[in-house]
>>> print(open('my_file-v9.pdb').read())   # PDB, C-alpha atoms and all ligand atoms
ATOM      1  CA  MET A  20    -180.433 -38.145 125.560
ATOM      2  CA  ALA A  21    -177.810 -37.053 128.089
ATOM      3  CA  GLU A  22    -176.266 -40.314 129.208
ATOM      4  CA  GLN A  23    -173.016 -38.983 130.606
ATOM      5  CA  GLN A  24    -173.071 -37.949 134.265
ATOM      6  CA  ASN A  25    -170.321 -37.872 136.862
ATOM      7  CA  GLY A  26    -167.784 -38.952 134.253
ATOM      8  CA  CYS A  27    -169.345 -42.329 133.461
ATOM      9  CA  SER A  28    -172.441 -43.608 131.663
ATOM     10  CA  PRO A  29    -175.288 -45.680 133.115
ATOM     11  CA  SER A  30    -174.166 -48.618 130.986
ATOM     12  CA  ASP A  31    -170.918 -48.692 132.977
ATOM     13  CA  CYS A  32    -172.836 -49.516 136.182
ATOM     14  CA  ALA A  33    -172.704 -53.272 135.778
ATOM     15  CA  GLY A  34    -169.819 -54.550 137.832
ATOM     16  CA  CYS A  35    -168.907 -51.132 139.312
ATOM     17  CA  ALA A  36    -168.316 -51.167 143.070
ATOM     18  CA  HIS A  37    -169.779 -47.653 143.423
ATOM     19  CA  ALA A  38    -172.882 -48.332 141.354
ATOM     20  CA  ASP A  39    -175.343 -48.022 144.270
ATOM     21  CA  SER A  40    -174.197 -44.583 145.383
ATOM     22  CA  CYS A  41    -173.310 -43.225 141.950
ATOM     23  CA  GLY A  42    -175.352 -40.401 140.418
ATOM     24  CA  SER A  43    -175.150 -42.086 137.006
ATOM     25  CA  LYS A  44    -177.333 -44.947 138.162
ATOM     26  CA  PRO A  45    -180.647 -44.742 136.252
ATOM     27  CA  GLN A  46    -183.352 -43.689 138.696
ATOM     28  CA  ASP A  47    -186.453 -45.791 139.101
ATOM     29  CA  MET A  48    -189.261 -43.237 139.140
ATOM     30  CA  ARG A  49    -192.082 -45.756 139.239
ATOM     31  CA  GLU A  50    -194.948 -44.972 141.573
ATOM     32  CA  PRO A  51    -196.487 -47.646 143.794
ATOM     33  CA  ALA A  52    -199.919 -48.854 142.722
ATOM     34  CA  ASN A  53    -202.813 -48.367 145.116
ATOM     35  CA  PRO A  54    -202.642 -51.161 147.736
ATOM     36  CA  PHE A  55    -206.020 -52.405 146.455
ATOM     37  CA  SER A  56    -204.706 -52.852 142.923
ATOM     38  CA  HIS A  57    -203.174 -56.072 141.640
ATOM     39  CA  VAL A  58    -202.533 -55.539 137.965
ATOM     40  CA  ASN A  59    -200.832 -58.263 136.016
ATOM     41  CA  LYS A  60    -200.055 -56.412 132.767
ATOM     42  CA  VAL A  61    -200.098 -52.741 131.809
ATOM     43  CA  ILE A  62    -200.329 -52.038 128.079
ATOM     44  CA  ALA A  63    -200.261 -48.483 126.744
ATOM     45  CA  VAL A  64    -201.968 -47.697 123.447
ATOM     46  CA  VAL A  65    -200.268 -44.785 121.728
ATOM     47  CA  SER A  66    -200.468 -42.834 118.509
ATOM     48  CA  GLY A  67    -198.297 -40.137 117.049
ATOM     49  CA  LYS A  68    -201.207 -37.947 116.065
ATOM     50  CA  GLY A  69    -204.825 -37.479 117.078
ATOM     51  CA  GLY A  70    -207.858 -39.082 115.513
ATOM     52  CA  VAL A  71    -206.270 -42.285 114.219
ATOM     53  CA  GLY A  72    -208.579 -44.410 116.360
ATOM     54  CA  LYS A  73    -206.452 -44.979 119.449
ATOM     55  CA  SER A  74    -209.462 -45.083 121.778
ATOM     56  CA  MET A  75    -211.229 -47.422 119.356
ATOM     57  CA  VAL A  76    -208.251 -49.801 119.409
ATOM     58  CA  THR A  77    -207.862 -49.528 123.207
ATOM     59  CA  ALA A  78    -211.510 -50.374 123.796
ATOM     60  CA  SER A  79    -211.444 -53.109 121.142
ATOM     61  CA  LEU A  80    -208.498 -54.821 122.812
ATOM     62  CA  ALA A  81    -210.261 -54.534 126.165
ATOM     63  CA  ARG A  82    -213.440 -56.016 124.660
ATOM     64  CA  ILE A  83    -211.634 -58.984 123.151
ATOM     65  CA  MET A  84    -209.896 -59.693 126.448
ATOM     66  CA  ARG A  85    -213.229 -59.490 128.278
ATOM     67  CA  GLU A  86    -214.797 -61.884 125.789
ATOM     68  CA  GLN A  87    -211.994 -64.306 126.545
ATOM     69  CA  GLY A  88    -212.739 -64.106 130.253
ATOM     70  CA  PHE A  89    -209.904 -61.844 131.408
ATOM     71  CA  SER A  90    -210.424 -59.099 133.974
ATOM     72  CA  VAL A  91    -209.732 -55.795 132.283
ATOM     73  CA  GLY A  92    -209.434 -52.095 133.074
ATOM     74  CA  ILE A  93    -209.001 -48.993 130.943
ATOM     75  CA  LEU A  94    -207.087 -46.029 132.325
ATOM     76  CA  ASP A  95    -208.115 -43.088 130.168
ATOM     77  CA  ALA A  96    -204.973 -40.970 130.144
ATOM     78  CA  ASP A  97    -206.326 -38.767 127.355
ATOM     79  CA  ILE A  98    -207.244 -36.086 129.880
ATOM     80  CA  THR A  99    -208.162 -33.281 127.513
ATOM     81  CA  GLY A 100    -210.023 -35.520 125.055
ATOM     82  CA  PRO A 101    -211.443 -38.400 127.089
ATOM     83  CA  SER A 102    -213.690 -40.666 125.055
ATOM     84  CA  ILE A 103    -213.693 -44.027 126.852
ATOM     85  CA  PRO A 104    -216.564 -43.473 129.379
ATOM     86  CA  LYS A 105    -218.954 -42.280 126.670
ATOM     87  CA  MET A 106    -218.118 -45.265 124.460
ATOM     88  CA  TYR A 107    -219.297 -47.502 127.300
ATOM     89  CA  GLY A 108    -222.291 -45.335 128.252
ATOM     90  CA  ILE A 109    -220.739 -44.382 131.604
ATOM     91  CA  HIS A 110    -221.918 -40.995 132.821
ATOM     92  CA  GLU A 111    -221.669 -41.361 136.601
ATOM     93  CA  THR A 112    -219.288 -39.604 138.957
ATOM     94  CA  ALA A 113    -216.574 -41.782 140.474
ATOM     95  CA  LYS A 114    -216.933 -42.596 144.164
ATOM     96  CA  GLY A 115    -214.162 -42.779 146.676
ATOM     97  CA  SER A 116    -213.306 -43.966 150.189
ATOM     98  CA  ASP A 117    -210.388 -43.320 152.545
ATOM     99  CA  GLU A 118    -208.461 -45.983 150.663
ATOM    100  CA  GLY A 119    -208.861 -44.518 147.198
ATOM    101  CA  ILE A 120    -211.135 -44.019 144.199
ATOM    102  CA  PHE A 121    -213.365 -46.744 142.782
ATOM    103  CA  PRO A 122    -213.237 -47.161 139.012
ATOM    104  CA  SER A 123    -216.589 -47.279 137.221
ATOM    105  CA  VAL A 124    -217.623 -50.651 135.910
ATOM    106  CA  ALA A 125    -219.049 -50.912 132.385
ATOM    107  CA  LYS A 126    -221.834 -53.333 131.482
ATOM    108  CA  ASP A 127    -219.332 -55.951 130.295
ATOM    109  CA  GLY A 128    -217.346 -55.724 133.540
ATOM    110  CA  THR A 129    -214.547 -53.507 132.169
ATOM    111  CA  LYS A 130    -213.290 -51.133 134.852
ATOM    112  CA  VAL A 131    -212.820 -47.558 133.682
ATOM    113  CA  MET A 132    -211.173 -44.465 135.148
ATOM    114  CA  SER A 133    -211.235 -41.183 133.307
ATOM    115  CA  VAL A 134    -211.152 -37.510 134.166
ATOM    116  CA  ASN A 135    -214.746 -37.331 132.907
ATOM    117  CA  LEU A 136    -215.802 -39.349 135.964
ATOM    118  CA  LEU A 137    -214.350 -36.672 138.222
ATOM    119  CA  LEU A 138    -215.789 -33.557 136.604
ATOM    120  CA  GLU A 139    -219.004 -31.986 137.838
ATOM    121  CA  HIS A 140    -220.289 -31.813 134.276
ATOM    122  CA  GLU A 141    -218.732 -34.136 131.745
ATOM    123  CA  SER A 142    -218.789 -31.388 129.131
ATOM    124  CA  ASP A 143    -216.572 -29.183 131.331
ATOM    125  CA  PRO A 144    -213.285 -28.573 129.526
ATOM    126  CA  VAL A 145    -210.090 -29.538 131.303
ATOM    127  CA  ILE A 146    -207.988 -26.381 131.192
ATOM    128  CA  TRP A 147    -204.950 -27.505 133.143
ATOM    129  CA  ARG A 148    -201.270 -27.164 132.475
ATOM    130  CA  GLY A 149    -199.161 -30.181 131.510
ATOM    131  CA  PRO A 150    -197.727 -30.994 134.954
ATOM    132  CA  ILE A 151    -201.200 -30.986 136.556
ATOM    133  CA  ILE A 152    -202.536 -33.265 133.843
ATOM    134  CA  ALA A 153    -199.559 -35.576 134.252
ATOM    135  CA  GLY A 154    -200.182 -35.604 138.046
ATOM    136  CA  VAL A 155    -203.792 -36.689 137.533
ATOM    137  CA  VAL A 156    -202.721 -39.555 135.305
ATOM    138  CA  LYS A 157    -200.256 -40.644 137.971
ATOM    139  CA  GLN A 158    -203.088 -40.591 140.513
ATOM    140  CA  PHE A 159    -205.138 -42.853 138.280
ATOM    141  CA  TRP A 160    -202.454 -45.407 139.104
ATOM    142  CA  THR A 161    -201.646 -44.590 142.726
ATOM    143  CA  ASP A 162    -205.142 -43.682 144.001
ATOM    144  CA  VAL A 163    -207.521 -45.834 141.978
ATOM    145  CA  MET A 164    -208.445 -49.176 143.493
ATOM    146  CA  TRP A 165    -208.307 -51.320 140.372
ATOM    147  CA  GLY A 166    -208.660 -54.617 142.240
ATOM    148  CA  GLU A 167    -207.488 -57.780 140.467
ATOM    149  CA  LEU A 168    -206.817 -57.116 136.786
ATOM    150  CA  ASP A 169    -205.269 -59.328 134.156
ATOM    151  CA  TYR A 170    -204.834 -56.348 131.827
ATOM    152  CA  LEU A 171    -204.886 -52.604 132.290
ATOM    153  CA  PHE A 172    -204.977 -50.739 128.976
ATOM    154  CA  VAL A 173    -203.855 -47.130 129.047
ATOM    155  CA  ASP A 174    -205.454 -44.909 126.399
ATOM    156  CA  MET A 175    -202.728 -42.316 125.915
ATOM    157  CA  PRO A 176    -203.112 -38.835 124.521
ATOM    158  CA  PRO A 177    -201.597 -38.488 121.036
ATOM    159  CA  GLY A 178    -197.967 -37.473 120.676
ATOM    160  CA  THR A 179    -194.914 -37.636 122.894
ATOM    161  CA  GLY A 180    -195.625 -34.961 125.515
ATOM    162  CA  ASP A 181    -195.875 -34.783 129.307
ATOM    163  CA  VAL A 182    -198.432 -37.533 129.791
ATOM    164  CA  PRO A 183    -196.723 -40.300 127.791
ATOM    165  CA  LEU A 184    -193.496 -39.396 129.571
ATOM    166  CA  THR A 185    -195.208 -39.621 132.969
ATOM    167  CA  VAL A 186    -196.911 -42.915 132.132
ATOM    168  CA  PHE A 187    -193.675 -44.472 130.874
ATOM    169  CA  GLN A 188    -191.748 -43.275 133.921
ATOM    170  CA  SER A 189    -194.337 -43.822 136.649
ATOM    171  CA  LEU A 190    -196.281 -46.932 135.653
ATOM    172  CA  PRO A 191    -194.868 -50.425 135.165
ATOM    173  CA  VAL A 192    -195.741 -50.470 131.458
ATOM    174  CA  ASP A 193    -195.164 -53.941 129.981
ATOM    175  CA  GLY A 194    -195.395 -52.770 126.401
ATOM    176  CA  ILE A 195    -196.958 -50.369 123.945
ATOM    177  CA  VAL A 196    -199.251 -50.864 120.985
ATOM    178  CA  ILE A 197    -198.888 -48.171 118.321
ATOM    179  CA  VAL A 198    -201.975 -47.165 116.341
ATOM    180  CA  THR A 199    -201.538 -45.643 112.934
ATOM    181  CA  SER A 200    -203.443 -44.942 109.724
ATOM    182  CA  PRO A 201    -202.345 -45.504 106.117
ATOM    183  CA  GLN A 202    -201.418 -41.880 105.446
ATOM    184  CA  ASP A 203    -197.763 -41.267 104.601
ATOM    185  CA  LEU A 204    -197.634 -38.330 106.919
ATOM    186  CA  VAL A 205    -198.181 -40.605 109.858
ATOM    187  CA  GLN A 206    -195.118 -42.814 109.317
ATOM    188  CA  MET A 207    -192.627 -40.321 110.710
ATOM    189  CA  ILE A 208    -194.846 -39.837 113.727
ATOM    190  CA  VAL A 209    -194.949 -43.589 114.286
ATOM    191  CA  ASP A 210    -191.153 -43.524 114.357
ATOM    192  CA  LYS A 211    -191.262 -40.877 117.075
ATOM    193  CA  ALA A 212    -193.652 -42.882 119.268
ATOM    194  CA  CYS A 213    -191.567 -46.002 118.776
ATOM    195  CA  ASN A 214    -188.292 -44.222 119.528
ATOM    196  CA  MET A 215    -189.698 -42.632 122.663
ATOM    197  CA  ALA A 216    -190.757 -46.013 124.037
ATOM    198  CA  ARG A 217    -187.400 -47.533 123.183
ATOM    199  CA  GLN A 218    -185.456 -44.723 124.819
ATOM    200  CA  MET A 219    -187.448 -45.433 127.951
ATOM    201  CA  ASN A 220    -186.869 -49.188 127.716
ATOM    202  CA  ILE A 221    -190.521 -49.993 127.076
ATOM    203  CA  PRO A 222    -191.045 -52.902 124.649
ATOM    204  CA  VAL A 223    -192.965 -52.075 121.461
ATOM    205  CA  LEU A 224    -195.446 -54.926 121.048
ATOM    206  CA  GLY A 225    -196.410 -53.903 117.531
ATOM    207  CA  ILE A 226    -198.477 -51.671 115.278
ATOM    208  CA  VAL A 227    -202.197 -51.700 114.547
ATOM    209  CA  GLU A 228    -203.273 -49.983 111.363
ATOM    210  CA  ASN A 229    -206.706 -48.422 111.597
ATOM    211  CA  TYR A 230    -208.820 -47.156 108.692
ATOM    212  CA  SER A 231    -206.926 -49.652 106.509
ATOM    213  CA  TYR A 232    -209.737 -50.086 104.026
ATOM    214  CA  LEU A 233    -213.481 -49.960 103.560
ATOM    215  CA  VAL A 234    -215.452 -52.929 102.284
ATOM    216  CA  CYS A 235    -217.961 -51.852  99.625
ATOM    217  CA  PRO A 236    -221.367 -52.970 100.912
ATOM    218  CA  ASP A 237    -222.524 -53.707  97.341
ATOM    219  CA  CYS A 238    -219.636 -55.586  95.713
ATOM    220  CA  GLY A 239    -217.446 -56.526  98.718
ATOM    221  CA  LYS A 240    -214.371 -54.889  97.137
ATOM    222  CA  LYS A 241    -211.818 -53.436  99.552
ATOM    223  CA  ILE A 242    -211.312 -49.718  98.957
ATOM    224  CA  SER A 243    -208.171 -48.042 100.309
ATOM    225  CA  VAL A 244    -209.841 -44.800 101.370
ATOM    226  CA  PHE A 245    -206.677 -43.211 102.764
ATOM    227  CA  GLY A 246    -204.327 -44.547 100.095
ATOM    228  CA  GLU A 247    -202.268 -47.708  99.952
ATOM    229  CA  SER A 248    -200.958 -49.054 103.211
ATOM    230  CA  HIS A 249    -197.239 -48.843 103.978
ATOM    231  CA  ILE A 250    -197.578 -50.521 107.314
ATOM    232  CA  GLU A 251    -195.560 -53.632 106.443
ATOM    233  CA  GLU A 252    -192.556 -51.504 105.339
ATOM    234  CA  THR A 253    -192.823 -49.253 108.363
ATOM    235  CA  ALA A 254    -193.012 -52.234 110.691
ATOM    236  CA  ARG A 255    -190.039 -53.868 108.989
ATOM    237  CA  GLU A 256    -187.980 -50.690 109.251
ATOM    238  CA  LEU A 257    -188.794 -50.392 112.931
ATOM    239  CA  GLY A 258    -188.295 -54.086 113.568
ATOM    240  CA  VAL A 259    -191.733 -54.551 115.131
ATOM    241  CA  PRO A 260    -194.667 -56.773 114.122
ATOM    242  CA  VAL A 261    -197.911 -55.650 112.494
ATOM    243  CA  LEU A 262    -200.472 -56.729 115.072
ATOM    244  CA  GLY A 263    -203.539 -56.163 112.928
ATOM    245  CA  LYS A 264    -205.404 -54.052 110.400
ATOM    246  CA  MET A 265    -208.828 -52.601 111.017
ATOM    247  CA  PRO A 266    -211.154 -51.436 108.268
ATOM    248  CA  ILE A 267    -213.500 -48.499 108.569
ATOM    249  CA  ASP A 268    -216.498 -50.375 109.933
ATOM    250  CA  PRO A 269    -219.777 -48.467 110.262
ATOM    251  CA  LYS A 270    -220.978 -51.064 112.818
ATOM    252  CA  LEU A 271    -218.107 -50.179 115.154
ATOM    253  CA  ALA A 272    -218.748 -46.463 114.668
ATOM    254  CA  GLU A 273    -222.403 -47.111 115.493
ATOM    255  CA  SER A 274    -221.603 -48.888 118.752
ATOM    256  CA  VAL A 275    -219.492 -45.880 119.750
ATOM    257  CA  GLU A 276    -222.200 -43.446 118.717
ATOM    258  CA  GLU A 277    -224.854 -45.401 120.610
ATOM    259  CA  GLU A 278    -222.578 -45.718 123.670
ATOM    260  CA  ARG A 279    -222.759 -49.495 123.788
ATOM    261  CA  PHE A 280    -219.206 -50.532 123.076
ATOM    262  CA  TYR A 281    -219.619 -53.073 125.904
ATOM    263  CA  GLU A 282    -221.265 -55.346 123.334
ATOM    264  CA  ALA A 283    -219.070 -54.453 120.333
ATOM    265  CA  ASP A 284    -217.641 -57.386 118.460
ATOM    266  CA  ASN A 285    -214.359 -56.433 116.838
ATOM    267  CA  GLN A 286    -212.932 -59.620 115.374
ATOM    268  CA  TYR A 287    -210.381 -57.680 113.272
ATOM    269  CA  LEU A 288    -208.049 -57.664 116.267
ATOM    270  CA  ALA A 289    -208.934 -61.134 117.582
ATOM    271  CA  ASP A 290    -205.423 -62.496 116.922
ATOM    272  CA  VAL A 291    -203.725 -59.603 118.662
ATOM    273  CA  VAL A 292    -204.618 -60.833 122.116
ATOM    274  CA  ASN A 293    -202.231 -63.780 121.804
ATOM    275  CA  LYS A 294    -199.407 -61.299 121.233
ATOM    276  CA  LEU A 295    -199.982 -59.106 124.272
TER     277      LEU A 295
HETATM  278  N1  LIG B   1    -212.190 -48.585 112.335
HETATM  279  C1  LIG B   1    -213.126 -47.681 112.564
HETATM  280  N2  LIG B   1    -214.336 -47.783 111.941
HETATM  281  C2  LIG B   1    -215.289 -46.860 112.141
HETATM  282  N3  LIG B   1    -215.163 -45.789 112.944
HETATM  283  C3  LIG B   1    -213.987 -45.635 113.578
HETATM  284  C4  LIG B   1    -212.922 -46.569 113.430
HETATM  285  N4  LIG B   1    -211.894 -46.154 114.186
HETATM  286  C5  LIG B   1    -212.282 -45.028 114.808
HETATM  287  N5  LIG B   1    -213.536 -44.703 114.437
HETATM  288  C6  LIG B   1    -214.292 -43.524 114.872
HETATM  289  O1  LIG B   1    -213.479 -42.379 114.604
HETATM  290  C7  LIG B   1    -213.557 -41.442 115.691
HETATM  291  C8  LIG B   1    -212.170 -41.187 116.262
HETATM  292  O2  LIG B   1    -211.717 -42.394 116.860
HETATM  293  P1  LIG B   1    -210.982 -42.405 118.283
HETATM  294  O3  LIG B   1    -211.708 -41.537 119.255
HETATM  295  O4  LIG B   1    -210.749 -43.818 118.642
HETATM  296  O5  LIG B   1    -209.610 -41.718 117.852
HETATM  297  P2  LIG B   1    -208.410 -41.240 118.771
HETATM  298  O6  LIG B   1    -207.161 -41.490 117.987
HETATM  299  O7  LIG B   1    -208.505 -41.866 120.114
HETATM  300  O8  LIG B   1    -208.730 -39.720 118.851
HETATM  301  P3  LIG B   1    -208.040 -38.628 119.807
HETATM  302  O9  LIG B   1    -206.663 -38.517 119.329
HETATM  303  O10 LIG B   1    -208.881 -37.414 119.538
HETATM  304  O11 LIG B   1    -208.153 -39.155 121.199
HETATM  305  C9  LIG B   1    -214.540 -42.023 116.674
HETATM  306  O12 LIG B   1    -215.801 -41.495 116.457
HETATM  307  C10 LIG B   1    -214.541 -43.506 116.369
HETATM  308  O13 LIG B   1    -215.754 -44.124 116.684
END
>>> encode(input="my_file-v9.pdb", output="structure tokens")
Amino acid sequence: MAEQQNGCSPSDCAGCAHADSCGSKPQDMREPANPFSHVNKVIAVVSGKGGVGKSMVTASLARIMREQGFSVGILDADITGPSIPKMYGIHETAKGSDEGIFPSVAKDGTKVMSVNLLLEHESDPVIWRGPIIAGVVKQFWTDVMWGELDYLFVDMPPGTGDVPLTVFQSLPVDGIVIVTSPQDLVQMIVDKACNMARQMNIPVLGIVENYSYLVCPDCGKKISVFGESHIEETARELGVPVLGKMPIDPKLAESVEEERFYEADNQYLADVVNKL
């Protein structure tokens, strides 16, 4: 990253008499939340590549927090592949007032905002360029009236593109959870997600490995469907904790399929909540 500007680096600011007026001073690009939002913690759930179960982990963390009595919201920042509303059986269109947009409320009380709640038909594709998409995600923070929330989970699109950059710059993200799968290929991508967060001074709370194993319904043996896990090594190399491992669980897949994630019971990540 280009650190050097005006002959000095941002790290020189401390103690410099000209720090306030100097162009090297790192700019705070954070956007104000809607005045009707009081969010205690913002946690972004990221993955390096698509399909590793990021939305599953986001919704599972939200569910566990709800079960423990916390007020929770999910900001679905995966604009081109939104899956959160359907998981919760939400098919309505979001309503608004002069003050902002109301999030939808799932049957377990989880507040949800997603582009799918703004489209005329939820099957309409979102064919927008990056900056427009990033602008919508920003509006999910500035224009949505989240009310009082203990936790707002942000389901990020995969990768390190426009939207993650916008979320990290514009929202007061307290930390990220990285979701990965046991495939070797994914490790390098985990590094990228981790490095991006670090470059933007966002704490990495840890890694969740999804699709870790499958329990044989007949003999109870754990089968490593996607090969042996390297998550402990990866976590050690990155200096971050392993938050949890999730097996392939047909019951969880069923609750997604049947659009009733509001009653899903995902105890695989039960311990994670104490680390967020
Ligand atoms: N541990 C699991 N057990 C069973 N099914 C799972 C599990 N994790 C994810 N799935 C299923 O796999 C599919 C993909 O998961 P999900 O939508 O969470 O991935 P994603 O990483 O958010 O995808 P995308 O990158 O496309 O947004 C979904 O149908 C989901 O229900």
>>> residues_near_ligand(input="my_file-v9.pdb", ligand="ligand LIG 1 (chain B)", cutoff="9 Å", atoms="only C-alpha atoms and all ligand atoms", output="count of residues only")
46
>>> closest_residue(input="my_file-v9.pdb", among="A:Leu171, A:Leu94, A:Val186, A:Met132", to="Lys60 of chain A", atoms="only C-alpha atoms")
A:Leu171
>>> resolve_selection(input="my_file-v9.pdb", expression="the PyMOL selection byres (((chain A and resi 211) around 12) and not hetatm)", output="ChimeraX atom specification")
/A:65-68,177-180,197,205-210,212-218,257
>>> closest_residue(input="my_file-v9.pdb", among="A:Val223, A:Ile120, A:Ile242, A:Val261", to="Thr161 of chain A", atoms="all atoms listed in the file")
A:Ile120
>>> atom_distance(input="my_file-v9.pdb", atom1="atom CA of Glu252 of chain A", atom2="atom CA of Arg82 of chain A")
28.8 Å
>>> closest_residue(input="my_file-v9.pdb", among="A:Met219, A:Ala113, A:Val61, A:Ala36", to="Ala81 of chain A", atoms="only C-alpha atoms")
A:Val61
>>> residues_around(input="my_file-v9.pdb", residues="Ile152 of chain A", least_positions_apart="4", cutoff="10 Å", atoms="all atoms listed in the file", output="PyMOL selection string")
chain A and resi 96-99+134+145-148+156-158+181-182+185
>>> residues_around(input="my_file-v9.pdb", residues="Phe55 of chain A", least_positions_apart="5", cutoff="8 Å", atoms="only C-alpha atoms", output="ChimeraX atom specification")
/A:164-166
>>> atom_distance(input="my_file-v9.pdb", atom1="atom CA of Glu167 of chain A", atom2="atom CA of Glu282 of chain A")
22.1 Å
>>> atom_distance(input="my_file-v9.pdb", atom1="atom CA of Glu118 of chain A", atom2="atom CA of Glu141 of chain A")
24.6 Å
>>> resolve_selection(input="my_file-v9.pdb", expression="the PyMOL selection byres (((chain A and resi 119) around 8) and not hetatm)", output="compact mmCIF listing (two decimals) with C-alpha atoms, in the coordinates of the input")
# COMPACT_ATOMS: atom_id res chain seq x y z
CA ASN A 53 -202.81 -48.37 145.12
CA GLY A 115 -214.16 -42.78 146.68
CA SER A 116 -213.31 -43.97 150.19
CA ASP A 117 -210.39 -43.32 152.54
CA GLU A 118 -208.46 -45.98 150.66
CA ILE A 120 -211.14 -44.02 144.20
CA PHE A 121 -213.36 -46.74 142.78
CA ASP A 162 -205.14 -43.68 144.00
CA VAL A 163 -207.52 -45.83 141.98
CA MET A 164 -208.44 -49.18 143.49
>>> axis_aligned_box(input="my_file-v9.pdb", around="segment 274-283 of chain A", padding_each_side="5 Å", output="lines of an AutoDock Vina configuration file")
center_x = -222.0
center_y = -49.4
center_z = 122.3
size_x = 15.8
size_y = 21.9
size_z = 17.2
>>> residues_around(input="my_file-v9.pdb", residues="Asn293 of chain A", least_positions_apart="5", cutoff="12 Å", atoms="all atoms listed in the file", output="mmCIF file with C-alpha atoms, keeping the file's coordinate frame")
data_model
loop_
_atom_site.group_PDB
_atom_site.id
_atom_site.type_symbol
_atom_site.label_atom_id
_atom_site.label_comp_id
_atom_site.auth_asym_id
_atom_site.auth_seq_id
_atom_site.Cartn_x
_atom_site.Cartn_y
_atom_site.Cartn_z
ATOM 1 C CA LEU A 80 -208.498 -54.821 122.812
ATOM 2 C CA ILE A 83 -211.634 -58.984 123.151
ATOM 3 C CA MET A 84 -209.896 -59.693 126.448
ATOM 4 C CA GLN A 87 -211.994 -64.306 126.545
ATOM 5 C CA LEU A 224 -195.446 -54.926 121.048
ATOM 6 C CA LEU A 262 -200.472 -56.729 115.072
ATOM 7 C CA GLY A 263 -203.539 -56.163 112.928
ATOM 8 C CA LEU A 288 -208.049 -57.664 116.267
#
>>> build_atoms(input="my_file-v9.pdb", residues="segment 262-273 of chain A", atoms="N, CA and C atoms", output="PDB file, in the coordinates of the input")
ATOM      1  N   LEU A 262    -199.570 -55.931 114.232  1.00  0.00           N
ATOM      2  CA  LEU A 262    -200.472 -56.729 115.072  1.00  0.00           C
ATOM      3  C   LEU A 262    -201.809 -56.967 114.379  1.00  0.00           C
ATOM      4  N   GLY A 263    -202.252 -56.000 113.583  1.00  0.00           N
ATOM      5  CA  GLY A 263    -203.539 -56.163 112.928  1.00  0.00           C
ATOM      6  C   GLY A 263    -203.899 -54.960 112.086  1.00  0.00           C
ATOM      7  N   LYS A 264    -204.900 -55.156 111.239  1.00  0.00           N
ATOM      8  CA  LYS A 264    -205.404 -54.052 110.400  1.00  0.00           C
ATOM      9  C   LYS A 264    -206.903 -53.982 110.595  1.00  0.00           C
ATOM     10  N   MET A 265    -207.392 -52.775 110.811  1.00  0.00           N
ATOM     11  CA  MET A 265    -208.828 -52.601 111.017  1.00  0.00           C
ATOM     12  C   MET A 265    -209.423 -51.779 109.898  1.00  0.00           C
ATOM     13  N   PRO A 266    -210.493 -52.255 109.293  1.00  0.00           N
ATOM     14  CA  PRO A 266    -211.154 -51.436 108.268  1.00  0.00           C
ATOM     15  C   PRO A 266    -211.996 -50.345 108.913  1.00  0.00           C
ATOM     16  N   ILE A 267    -212.472 -49.441 108.101  1.00  0.00           N
ATOM     17  CA  ILE A 267    -213.500 -48.499 108.569  1.00  0.00           C
ATOM     18  C   ILE A 267    -214.782 -49.322 108.609  1.00  0.00           C
ATOM     19  N   ASP A 268    -215.323 -49.513 109.788  1.00  0.00           N
ATOM     20  CA  ASP A 268    -216.498 -50.375 109.933  1.00  0.00           C
ATOM     21  C   ASP A 268    -217.641 -49.571 110.551  1.00  0.00           C
ATOM     22  N   PRO A 269    -218.664 -49.275 109.751  1.00  0.00           N
ATOM     23  CA  PRO A 269    -219.777 -48.467 110.262  1.00  0.00           C
ATOM     24  C   PRO A 269    -220.422 -49.080 111.515  1.00  0.00           C
ATOM     25  N   LYS A 270    -220.365 -50.417 111.642  1.00  0.00           N
ATOM     26  CA  LYS A 270    -220.978 -51.064 112.818  1.00  0.00           C
ATOM     27  C   LYS A 270    -220.242 -50.664 114.092  1.00  0.00           C
ATOM     28  N   LEU A 271    -218.898 -50.582 113.986  1.00  0.00           N
ATOM     29  CA  LEU A 271    -218.107 -50.179 115.154  1.00  0.00           C
ATOM     30  C   LEU A 271    -218.395 -48.723 115.502  1.00  0.00           C
ATOM     31  N   ALA A 272    -218.455 -47.886 114.448  1.00  0.00           N
ATOM     32  CA  ALA A 272    -218.748 -46.463 114.668  1.00  0.00           C
ATOM     33  C   ALA A 272    -220.117 -46.318 115.341  1.00  0.00           C
ATOM     34  N   GLU A 273    -221.044 -47.153 114.936  1.00  0.00           N
ATOM     35  CA  GLU A 273    -222.403 -47.111 115.493  1.00  0.00           C
ATOM     36  C   GLU A 273    -222.395 -47.472 116.982  1.00  0.00           C
TER      37      GLU A 273
END
